[in-house]
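Everything on this sheet refers to the single structure shown next.
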Amino acid sequence: MKSKYLLHPIQTVKAARVLFSTRLGMWKFANHGRRRFKDDPRYDLQNVTDGFADQIHRTDDDTELLERICAAYSKAVEQQRSAPKTYMATDWWEQVRRQSLGPATQALLTRNIPTLRAMYRNFFRNSCSTGLLAAPFGMAKAYFSGNIKDVHRHFYLSHVLYRYDYWKEQTEARFPLSHLYGPGIGNPFGVRIDGTHIHVGAEYAHYCSHRIDSALAPGPATVAEIGGGYGSMAYYLLRDRADLTYIGFDVPESIALTSYYLLSSFPNLKFLLYGEEALTREALAKVDVALMPVFELAMMPAGSVDATFSSHAMSDLSTDALGEYLKNIDRMTGDSFFCIGKKQASESISDLIVRKHSSFQLVETRTSGWHSHKISGAGVGGAAGLAASTMFEQRFRRQRPHVRPQKLVQESERKAHA
């Protein structure tokens with residue numbers, strides 16, 4: 001009992017020190033940005049105020065969509081109990097579930113549509129996106145109260161302009177600013193520049209989409225993503241790439257949110273959610289998007305995708321889980337595997353591929369500048385903002401000639417006769 005009362009003030013002092021250090025870093029970065037972009041016409045604090053304004057415009061009846069998501073989530077949670085340990089959530093995600101996702105998971109399991117609708121229509125700004133999105137340094141009140149202090153606006157605008165300039169550099173200025181626009185689903189926050197709302201993380205998501213698209217051969221293509229968050233990268237890839245089939249794998253909570261985001265963004269595409277049909281080659285040939293819990297990786301048909309992509313999701317896997325994921329990636333991927341993650345995880349992936357999946361060859365590796373101090377200075381995007389360690393981008397390619405996935409052959413034939 002005595003230690004309990006001694007521990008509390010110590011923890012309070014530590015928390016206060018962390019908060020002070022965080023605020024000091026924010027203040028320093030805000031002043032740095034103010035000097036760096038002093039004469040830049042984009043550096044207008046009103047851009048931040050406009051970017052954080054509420055944007056909930058939906059008035060349509062999405063009951064059927066939400067019912068469908070709830071049904072898929074309940075089936076995934078039930079089946080997950082008997083899935084192999086290698087597909088279980090990491091300790092970090094289990095902590096997120098316990099501390100922040102209770103209201104969302106309860107609404108999903110009980111099919112409380114009004115509650116779920118209210119959360120999902122505002123997911124950029126509430127707890128159901130914890131671990132995927134966050135206000136800078138978690139200061140939701142400071143940024144979402146409607147009256148953002150100048151120091152916070154200087155800080156956030158500096159962060160976005162650094163990211164935007166880095167995006168232009170990495171994409172060789174091929175795209176106009178307007179290409180970063182999003183669907184507006186979930187009440188996104190960010191900045192508004194020259195009439196374009198740049199929601200949080202848009203630059204990185206579009207960059208990843210561009211990198212994947214550039215590596216694909218012309219014509220129909222199938223891309224699988226492991227750990228897609230709420231679906232931001234998938235949105236850009238589906239928006240900009242014709243004849244694309246996208247297959248997303250993640251923990252059930254993230255897949256549910258991704259389902260809402262993409263189903264709302266692309267009402268005319270054909271979707272397959274978990275439990276609606278077995279994950280077969282024939283089922284994939286009939287749809288544009290399939291969204292599955294991660295344990296369904298084991299059910300993917302051999303050679304059914306052209307490229308597999310993962311950003312950060314594989315960095316925290318155990319050695320056994322990493323081996324299982326790579327086994328599935330090797331089996332289902334016909335051409336290339338592109339991953340972004342922590343240095344240690346990247347080295348482990350390379351080592352495992354050399355030893356056990358030698359038909360893949362490392363063709364490109366680079367340090368990821370998205371996680372430098374200036375590019376990720378605002379700490380936005382959950383775990384990405386805390387990534388102080390070096391990150392790597394790696395692309396592996398089959399050494400043997402690429403055999404076009406049968407799914408794509410079938411899809412091309414179907415479209416040719418349509």
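Lettering and numbering for the structure tokens are positional, with chains as A, B, ... in the shown order, residues counted from 1 in each chain, and ligands counted from 1 in the shown order.
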
Would you return as a PDB file with N, CA and C atoms, in the first residue's frame the members of region 208-268 of chain A that DSSP assigns to helix (DSSP H, G or I) on this structure's backbone?
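So selection-v1.pdb came out as:
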```pdb
ATOM      1  N   CYS A 208       3.202   6.382 -51.465  1.00  0.00           N
ATOM      2  CA  CYS A 208       3.230   4.917 -51.484  1.00  0.00           C
ATOM      3  C   CYS A 208       2.433   4.379 -52.668  1.00  0.00           C
ATOM      4  N   SER A 209       1.278   4.976 -52.916  1.00  0.00           N
ATOM      5  CA  SER A 209       0.460   4.565 -54.055  1.00  0.00           C
ATOM      6  C   SER A 209       1.218   4.755 -55.360  1.00  0.00           C
ATOM      7  N   HIS A 210       1.880   5.900 -55.483  1.00  0.00           N
ATOM      8  CA  HIS A 210       2.648   6.196 -56.694  1.00  0.00           C
ATOM      9  C   HIS A 210       3.787   5.187 -56.887  1.00  0.00           C
ATOM     10  N   ARG A 211       4.468   4.847 -55.808  1.00  0.00           N
ATOM     11  CA  ARG A 211       5.580   3.884 -55.894  1.00  0.00           C
ATOM     12  C   ARG A 211       5.083   2.513 -56.341  1.00  0.00           C
ATOM     13  N   ILE A 212       3.949   2.091 -55.814  1.00  0.00           N
ATOM     14  CA  ILE A 212       3.386   0.795 -56.196  1.00  0.00           C
ATOM     15  C   ILE A 212       2.951   0.821 -57.653  1.00  0.00           C
ATOM     16  N   ASP A 213       2.223   1.862 -58.025  1.00  0.00           N
ATOM     17  CA  ASP A 213       1.714   1.985 -59.383  1.00  0.00           C
ATOM     18  C   ASP A 213       2.848   2.004 -60.397  1.00  0.00           C
ATOM     19  N   SER A 214       3.931   2.689 -60.076  1.00  0.00           N
ATOM     20  CA  SER A 214       5.054   2.814 -61.003  1.00  0.00           C
ATOM     21  C   SER A 214       5.756   1.481 -61.249  1.00  0.00           C
ATOM     22  N   ALA A 215       5.676   0.575 -60.277  1.00  0.00           N
ATOM     23  CA  ALA A 215       6.359  -0.717 -60.406  1.00  0.00           C
ATOM     24  C   ALA A 215       5.510  -1.776 -61.101  1.00  0.00           C
ATOM     25  N   SER A 232      -6.046   4.747 -46.589  1.00  0.00           N
ATOM     26  CA  SER A 232      -5.654   5.965 -47.293  1.00  0.00           C
ATOM     27  C   SER A 232      -4.854   5.670 -48.558  1.00  0.00           C
ATOM     28  N   MET A 233      -3.840   4.801 -48.467  1.00  0.00           N
ATOM     29  CA  MET A 233      -3.062   4.449 -49.650  1.00  0.00           C
ATOM     30  C   MET A 233      -3.955   3.766 -50.674  1.00  0.00           C
ATOM     31  N   ALA A 234      -4.814   2.850 -50.204  1.00  0.00           N
ATOM     32  CA  ALA A 234      -5.707   2.128 -51.110  1.00  0.00           C
ATOM     33  C   ALA A 234      -6.616   3.089 -51.863  1.00  0.00           C
ATOM     34  N   TYR A 235      -7.055   4.140 -51.196  1.00  0.00           N
ATOM     35  CA  TYR A 235      -7.920   5.120 -51.860  1.00  0.00           C
ATOM     36  C   TYR A 235      -7.233   5.706 -53.084  1.00  0.00           C
ATOM     37  N   TYR A 236      -5.992   6.172 -52.924  1.00  0.00           N
ATOM     38  CA  TYR A 236      -5.289   6.783 -54.047  1.00  0.00           C
ATOM     39  C   TYR A 236      -5.019   5.760 -55.151  1.00  0.00           C
ATOM     40  N   LEU A 237      -4.646   4.552 -54.777  1.00  0.00           N
ATOM     41  CA  LEU A 237      -4.348   3.530 -55.776  1.00  0.00           C
ATOM     42  C   LEU A 237      -5.595   3.174 -56.581  1.00  0.00           C
ATOM     43  N   LEU A 238      -6.719   3.008 -55.900  1.00  0.00           N
ATOM     44  CA  LEU A 238      -7.971   2.691 -56.589  1.00  0.00           C
ATOM     45  C   LEU A 238      -8.473   3.878 -57.419  1.00  0.00           C
ATOM     46  N   ARG A 239      -8.248   5.079 -56.931  1.00  0.00           N
ATOM     47  CA  ARG A 239      -8.692   6.266 -57.663  1.00  0.00           C
ATOM     48  C   ARG A 239      -7.913   6.465 -58.952  1.00  0.00           C
ATOM     49  N   ASP A 240      -6.603   6.207 -58.904  1.00  0.00           N
ATOM     50  CA  ASP A 240      -5.722   6.601 -59.992  1.00  0.00           C
ATOM     51  C   ASP A 240      -5.307   5.474 -60.932  1.00  0.00           C
ATOM     52  N   PRO A 252      -9.065  -6.977 -37.305  1.00  0.00           N
ATOM     53  CA  PRO A 252     -10.487  -6.747 -37.588  1.00  0.00           C
ATOM     54  C   PRO A 252     -10.953  -5.305 -37.405  1.00  0.00           C
ATOM     55  N   GLU A 253     -10.461  -4.605 -36.378  1.00  0.00           N
ATOM     56  CA  GLU A 253     -10.910  -3.231 -36.139  1.00  0.00           C
ATOM     57  C   GLU A 253     -10.501  -2.306 -37.286  1.00  0.00           C
ATOM     58  N   SER A 254      -9.262  -2.468 -37.758  1.00  0.00           N
ATOM     59  CA  SER A 254      -8.799  -1.626 -38.855  1.00  0.00           C
ATOM     60  C   SER A 254      -9.505  -1.971 -40.163  1.00  0.00           C
ATOM     61  N   ILE A 255      -9.749  -3.260 -40.377  1.00  0.00           N
ATOM     62  CA  ILE A 255     -10.458  -3.667 -41.596  1.00  0.00           C
ATOM     63  C   ILE A 255     -11.876  -3.107 -41.601  1.00  0.00           C
ATOM     64  N   ALA A 256     -12.522  -3.067 -40.443  1.00  0.00           N
ATOM     65  CA  ALA A 256     -13.868  -2.500 -40.364  1.00  0.00           C
ATOM     66  C   ALA A 256     -13.845  -1.024 -40.761  1.00  0.00           C
ATOM     67  N   LEU A 257     -12.856  -0.280 -40.248  1.00  0.00           N
ATOM     68  CA  LEU A 257     -12.753   1.145 -40.576  1.00  0.00           C
ATOM     69  C   LEU A 257     -12.389   1.335 -42.047  1.00  0.00           C
ATOM     70  N   THR A 258     -11.462   0.520 -42.549  1.00  0.00           N
ATOM     71  CA  THR A 258     -11.110   0.568 -43.964  1.00  0.00           C
ATOM     72  C   THR A 258     -12.330   0.299 -44.838  1.00  0.00           C
ATOM     73  N   SER A 259     -13.148  -0.663 -44.427  1.00  0.00           N
ATOM     74  CA  SER A 259     -14.346  -1.001 -45.190  1.00  0.00           C
ATOM     75  C   SER A 259     -15.266   0.205 -45.299  1.00  0.00           C
ATOM     76  N   TYR A 260     -15.436   0.915 -44.187  1.00  0.00           N
ATOM     77  CA  TYR A 260     -16.282   2.104 -44.210  1.00  0.00           C
ATOM     78  C   TYR A 260     -15.702   3.166 -45.134  1.00  0.00           C
ATOM     79  N   TYR A 261     -14.409   3.395 -45.031  1.00  0.00           N
ATOM     80  CA  TYR A 261     -13.754   4.448 -45.814  1.00  0.00           C
ATOM     81  C   TYR A 261     -13.828   4.160 -47.312  1.00  0.00           C
ATOM     82  N   LEU A 262     -13.497   2.932 -47.697  1.00  0.00           N
ATOM     83  CA  LEU A 262     -13.449   2.615 -49.126  1.00  0.00           C
ATOM     84  C   LEU A 262     -14.828   2.370 -49.721  1.00  0.00           C
ATOM     85  N   LEU A 263     -15.704   1.710 -48.980  1.00  0.00           N
ATOM     86  CA  LEU A 263     -17.070   1.524 -49.478  1.00  0.00           C
ATOM     87  C   LEU A 263     -17.767   2.866 -49.675  1.00  0.00           C
ATOM     88  N   SER A 264     -17.521   3.805 -48.777  1.00  0.00           N
ATOM     89  CA  SER A 264     -18.108   5.134 -48.896  1.00  0.00           C
ATOM     90  C   SER A 264     -17.476   5.918 -50.043  1.00  0.00           C
ATOM     91  N   SER A 265     -16.190   5.700 -50.278  1.00  0.00           N
ATOM     92  CA  SER A 265     -15.470   6.443 -51.321  1.00  0.00           C
ATOM     93  C   SER A 265     -15.770   5.927 -52.721  1.00  0.00           C
TER      94      SER A 265
END
```

Query - Selection near region 221-228 of chain A, 9 Å with only C-alpha atoms, sequence-local residues under 6 positions removed, as a PyMOL selection string - result: chain A and resi 212+234+241-251+254-255+258+294+304-314+333+405+407-408

Next, the residues of the selection above should be written as a tab-separated table (two decimals), in the first residue's frame with C-alpha atoms.
```tsv
chain	number	residue	atom	x	y	z
A	212	ILE	CA	3.39	0.79	-56.20
A	234	ALA	CA	-5.71	2.13	-51.11
A	241	ARG	CA	-5.09	3.09	-61.36
A	242	ALA	CA	-7.51	1.63	-63.89
A	243	ASP	CA	-8.24	-2.12	-63.92
A	244	LEU	CA	-6.97	-2.61	-60.37
A	245	THR	CA	-7.98	-5.22	-57.84
A	246	TYR	CA	-7.03	-4.37	-54.25
A	247	ILE	CA	-6.88	-6.91	-51.40
A	248	GLY	CA	-6.35	-5.54	-47.89
A	249	PHE	CA	-5.36	-7.51	-44.77
A	250	ASP	CA	-5.34	-6.14	-41.23
A	251	VAL	CA	-6.65	-6.64	-37.70
A	254	SER	CA	-8.80	-1.63	-38.85
A	255	ILE	CA	-10.46	-3.67	-41.60
A	258	THR	CA	-11.11	0.57	-43.96
A	294	VAL	CA	-4.97	-10.91	-41.53
A	304	SER	CA	-2.99	-14.49	-57.15
A	305	VAL	CA	-1.46	-11.00	-56.81
A	306	ASP	CA	1.11	-9.05	-58.79
A	307	ALA	CA	2.50	-7.02	-55.91
A	308	THR	CA	2.33	-7.09	-52.12
A	309	PHE	CA	2.92	-3.95	-50.05
A	310	SER	CA	3.32	-3.28	-46.34
A	311	SER	CA	4.15	-0.05	-44.52
A	312	HIS	CA	5.27	-0.41	-40.88
A	313	ALA	CA	2.85	-3.25	-40.10
A	314	MET	CA	5.51	-5.95	-40.21
A	333	THR	CA	2.90	-12.83	-55.00
A	405	PRO	CA	-2.08	-14.26	-62.06
A	407	LYS	CA	-7.37	-13.96	-61.71
A	408	LEU	CA	-6.23	-11.22	-64.05
```

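Restricting the calculation to only C-alpha atoms, the smallest distance between Leu132 (chain A) and any of A:Trp93, A:Phe338, A:Tyr73, A:Phe144 is found for A:Trp93.
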
**Report entry** Members of region 291-374 of chain A assigned strand (DSSP E or B) by DSSP, as a PyMOL selection string
**Finding:** chain A and resi 291-293+305-311+333-342+360-367
